[in-house]
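J.: What follows is a single structure, and I will ask about it in a moment.
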Amino acid sequence: MLLLGLPLLIILVIIASWYLAEKAIQPVYKSYQEMQQFSSDVAHELRTPLSAIKATIDSVILNNLTLQDSQETLKIIHRQNERLINLVKDLLILTRLDSVLENNYQISKTKINLLDLINDLVEELSCLALENNVNLRQEIKTNNDIFIFGNEEQIYRLLTNLTINAIENNQKNGQVIIFLETDKQEVIIKVIDTGIGINNTEQKLIFNRFYRINKARNRDKGGSGLGLSIVRSIVLNHHGKIAVESRENEGSTFIIYLPKIIEKS
Ligand SMILES: Nc1ncnc2c1ncn2[C@@H]1O[C@H](COP(=O)(O)OP(=O)(O)OP(=O)(O)O)[C@@H](O)[C@H]1O
Ligand SMILES: [Mg+2]
């Protein structure tokens with residue numbers, strides 16, 4: 001019994017330990033892979049504007065251009081520089097949001113009046129809508145003020161990202177509506193557009209970092225593909241939910257559910 005049982009037991013213990021070790025290492029390996037992918041995406045995104053700036057400066061030096069002749073060149077450098085600044089800003093926001101989520105930190109939150117916030121947003125983005133031949137308006141389905149508990153800067157950022165997407169991915173003479181309603185527990189905000197729409201497969205991918213559907217077109221606009229991942233992190237930091245409904249060539253609706261402050265009467 002001993003002669004047969006002991007080696008069998010040792011083999012079983014080896015198999016079990018190997019299986020458990022494999023299981024334990026899997027999440028570490030996965031997060032290592034994600035980190036590697038993220039670093040390589042960041043490096044790639046930084047390389048493009050940096051190379052463009054270098055090539056532009058090289059051409060000025062090579063052609064011995066004076067400052068007077070270099071106005072166009074300076075504009076290109078300025079544009080690429082803006083892109084770099086925005087990318088670094090977005091990366092900083094994302095890492096801060098991540099560290100809040102992972103370490104359970106508390107972000108500073110106050111009582112926010114959503115009607116005021118949406119009014120400000122529509123006012124600020126009306127110029128961009130006009131430039132894109134898009135009609136931007138709000139539709140509020142309540143007579144009372146609606147309050148949530150949150151970080152005002154982040155909620156403003158969330159709605160700005162969604163509304164800019166809705167304006168920039170629209171068609172000529174399209175519509176963008178910021179819709180607000182409540183039920184007993186939640187505030188429901190919808191950003192509705194009549195734009196180009198997103199197919200089912202892409203709907204699952206657009207919240208990934210650096211994901212752009214039409215890479216060339218969206219990069220031209222200066223987009224880095226971080227906007228919707230910032231939106232998702234902000235929603236999670238506010239214990240909310242986000243959903244998207246869309247049909248190609250008909251339009252998209254991004255729906256945000258956030259816990260509402262229930263006023264005691
Ligand atoms: N309302 C929309 N209608 C159609 N496509 C959209 C809409 N919103 C987002 N998308 C698609 O999803 C992609 C990801 O959006 P996201 O906001 O993350 O990045 P971006 O707008 O390209 O760049 P950024 O927001 O970082 O400047 C966009 O490139 C665009 O192709
Ligand atoms: Mg965007």
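Starting from 1 in every chain, residues are counted up; chains themselves are A, B, ... following the order of the structure tokens, and ligands are numbered from 1 as listed.
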Find the residues around stretch 83-92 of chain A up to 7 Å (only C-alpha atoms counted), leave out those fewer than 3 positions away in its own chain, and share them as number ranges by chain.
T.: A: 46, 49, 79-80, 95-96, 222, 224, 226
J.: Those selected residues, please, written with N, CA and C atoms and delivered as a CSV table (one decimal), in the first residue's frame.
T.:
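To be explicit, this is the file written out as result_18.csv:
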```csv
chain,number,residue,atom,x,y,z
A,46,LEU,N,2.3,58.9,-28.5
A,46,LEU,CA,3.2,60.1,-28.3
A,46,LEU,C,4.2,60.2,-29.5
A,49,PRO,N,2.8,62.6,-32.9
A,49,PRO,CA,3.0,64.1,-32.9
A,49,PRO,C,4.4,64.5,-32.7
A,79,ARG,N,-0.3,72.9,-33.5
A,79,ARG,CA,-1.3,72.0,-33.5
A,79,ARG,C,-0.9,70.6,-32.9
A,80,GLN,N,0.3,70.2,-33.3
A,80,GLN,CA,0.8,68.9,-32.8
A,80,GLN,C,1.1,69.0,-31.3
A,95,THR,N,-5.2,58.0,-15.0
A,95,THR,CA,-4.5,57.3,-14.0
A,95,THR,C,-5.0,57.7,-12.6
A,96,ARG,N,-5.4,59.0,-12.5
A,96,ARG,CA,-6.0,59.5,-11.2
A,96,ARG,C,-7.3,58.7,-10.9
A,222,GLY,N,-7.8,65.2,-33.9
A,222,GLY,CA,-7.0,65.4,-32.7
A,222,GLY,C,-7.4,64.4,-31.6
A,224,SER,N,-7.7,61.2,-29.3
A,224,SER,CA,-6.7,60.1,-28.9
A,224,SER,C,-7.4,58.8,-28.7
A,226,LEU,N,-9.3,58.3,-26.0
A,226,LEU,CA,-9.3,58.1,-24.5
A,226,LEU,C,-10.7,58.6,-23.9
```
J.: Identify, on the basis of only C-alpha atoms, every residue whose closest approach to A:Glu250 does not exceed 9 Å; exclude the query and any residue fewer than 3 positions from it along the same chain; express the result as number ranges by chain.
T.: A: 193-197, 246-247
J.: Give me every strand (DSSP E or B) residue in stretch 31-206 of chain A, going by DSSP on the backbone, as a ChimeraX atom specification.
T.: /A:110-113,134-140,147-150,174-182,186-193
J.: Determine, using only C-alpha atoms and all ligand atoms, which residues of chain A have any atom at most 8 Å from an atom of ligand 2, and tabulate each with its shortest atom pair and distance in Å to one decimal place, rows ordered by chain and then rising number, as a tab-separated table.
T.:
```
residue	atom	partner	partner_atom_place_in_ligand_line	distance
A:Asn161	CA	ligand 2	1 (Mg)	5.5
A:Leu162	CA	ligand 2	1 (Mg)	6.8
A:Ile164	CA	ligand 2	1 (Mg)	6.5
A:Asn165	CA	ligand 2	1 (Mg)	4.8
A:Gly223	CA	ligand 2	1 (Mg)	6.2
A:Ser224	CA	ligand 2	1 (Mg)	7.7
A:Gly225	CA	ligand 2	1 (Mg)	6.2
A:Leu226	CA	ligand 2	1 (Mg)	6.9
A:Gly227	CA	ligand 2	1 (Mg)	4.3
A:Leu228	CA	ligand 2	1 (Mg)	6.2
```
J.: In Å to one decimal, how far is atom CA of A:Lys172 from atom 8 (N, counted along the ligand's line) of ligand 1?
T.: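 The value is 16.1 Å.
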J.: I need the residue nearest A:Glu152 from this list: A:Glu131, A:Asp69, A:Glu181, A:Asp116. Use only C-alpha atoms for the distance.
T.: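 Closest candidate: A:Asp116.
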J.: Please extract the residues of stretch 53-156 of chain A with a backbone DSSP assignment of helix (DSSP H, G or I) and present them as an MDAnalysis selection string.
T.: chainID A and resid 53:62 71:103 114:131 152:156
J.: Need the shell around A:Gln203: protein/DNA/RNA residues with any atom at most 12 Å away, counting only C-alpha atoms. Skip same-chain ones fewer than 3 positions apart. Format as a list in words?
T.: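 Skipping anything fewer than 3 positions along the chain leaves Gly197, Ile198, Asn199, Asn200, Ile206, Phe207, Asn208, Tyr211, Arg212, Ile213, Leu228, Ala243, Val244, Glu245, Ser246, Arg247, Glu248, Ser252, Thr253 and Phe254 of chain A.
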J.: Restricted to C-alpha atoms, what would the selected residues look like written as a PDB file, in the first residue's frame?
T.:
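Below is the file selection_9.pdb, written as the result:
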```pdb
ATOM      1  CA  GLY A 197     -23.981  55.352 -35.561  1.00  0.00           C
ATOM      2  CA  ILE A 198     -21.853  52.490 -34.250  1.00  0.00           C
ATOM      3  CA  ASN A 199     -22.277  48.833 -35.235  1.00  0.00           C
ATOM      4  CA  ASN A 200     -22.789  46.093 -32.598  1.00  0.00           C
ATOM      5  CA  ILE A 206     -15.321  51.888 -27.985  1.00  0.00           C
ATOM      6  CA  PHE A 207     -14.800  52.094 -24.205  1.00  0.00           C
ATOM      7  CA  ASN A 208     -11.313  50.557 -24.529  1.00  0.00           C
ATOM      8  CA  TYR A 211      -9.869  52.719 -29.444  1.00  0.00           C
ATOM      9  CA  ARG A 212     -11.048  54.754 -32.449  1.00  0.00           C
ATOM     10  CA  ILE A 213     -13.420  53.362 -35.047  1.00  0.00           C
ATOM     11  CA  LEU A 228     -14.983  57.187 -23.605  1.00  0.00           C
ATOM     12  CA  ALA A 243     -25.111  51.891 -21.781  1.00  0.00           C
ATOM     13  CA  VAL A 244     -25.075  52.564 -25.500  1.00  0.00           C
ATOM     14  CA  GLU A 245     -27.775  52.004 -28.094  1.00  0.00           C
ATOM     15  CA  SER A 246     -26.943  52.648 -31.702  1.00  0.00           C
ATOM     16  CA  ARG A 247     -27.767  51.889 -35.309  1.00  0.00           C
ATOM     17  CA  GLU A 248     -25.453  52.586 -38.219  1.00  0.00           C
ATOM     18  CA  SER A 252     -26.465  56.742 -31.151  1.00  0.00           C
ATOM     19  CA  THR A 253     -27.718  57.201 -27.611  1.00  0.00           C
ATOM     20  CA  PHE A 254     -25.394  57.038 -24.620  1.00  0.00           C
TER      21      PHE A 254
END
```
J.: Name the closest residue to A:Leu128 among the candidates A:Val176, A:Leu101, A:Ile188, A:Asn151; distances are taken between atoms, counting only C-alpha atoms.
T.: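 Looking at the shortest contact to A:Leu128, the residue is A:Val176.
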J.: Fewer than 4 positions away in the same chain doesn't count, so skip those; otherwise give me all residues within 7 Å of stretch 142-148 of chain A, counting only C-alpha atoms, as a list in words.
T.: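 Once the adjacent positions are removed, what remains is Lys111, Ile112, Asn113, Leu114, Leu115, Glu181, Pro259, Lys260 and Ile261 of chain A.
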J.: Can you tell me which residues surround stretch 59-67 of chain A at a distance of at most 12 Å, considering only C-alpha atoms, apart from same-chain residues fewer than 6 positions away, and format the answer as a ChimeraX atom specification?
T.: /A:52-53,73-74,76-77
J.: Output N, CA and C atoms of each residue in that selection to a file, as a compact mmCIF listing (two decimals), in the first residue's frame.
T.:
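Generated file (part-v2.txt):
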```txt
# COMPACT_ATOMS: atom_id res chain seq x y z
N ALA A 52 6.07 64.30 -36.01
CA ALA A 52 5.59 65.38 -36.89
C ALA A 52 6.29 66.69 -36.54
N ILE A 53 6.44 66.96 -35.24
CA ILE A 53 7.12 68.20 -34.82
C ILE A 53 8.57 68.18 -35.29
N THR A 73 4.55 76.62 -40.81
CA THR A 73 5.26 75.58 -40.06
C THR A 73 4.98 75.71 -38.56
N LEU A 74 5.01 76.96 -38.09
CA LEU A 74 4.73 77.18 -36.66
C LEU A 74 3.33 76.72 -36.30
N ILE A 76 1.68 74.27 -37.67
CA ILE A 76 1.68 72.80 -37.58
C ILE A 76 2.25 72.36 -36.23
N ILE A 77 3.37 73.01 -35.85
CA ILE A 77 3.99 72.64 -34.57
C ILE A 77 3.02 72.92 -33.42
```
J.: Please list as a PyMOL selection string every residue within 9 Å of stretch 27-44 of chain A, counting only C-alpha atoms and excluding residues in the same chain fewer than 4 positions away.
T.: chain A and resi 23+48+91+209-210
J.: Determine the nearest neighbour of A:Gly251 from the options A:Ile140, A:Leu2, A:Gln175, A:Val122, counting only C-alpha atoms.
T.: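 Looking only at the distances to A:Gly251, the closest residue turns out to be A:Gln175.
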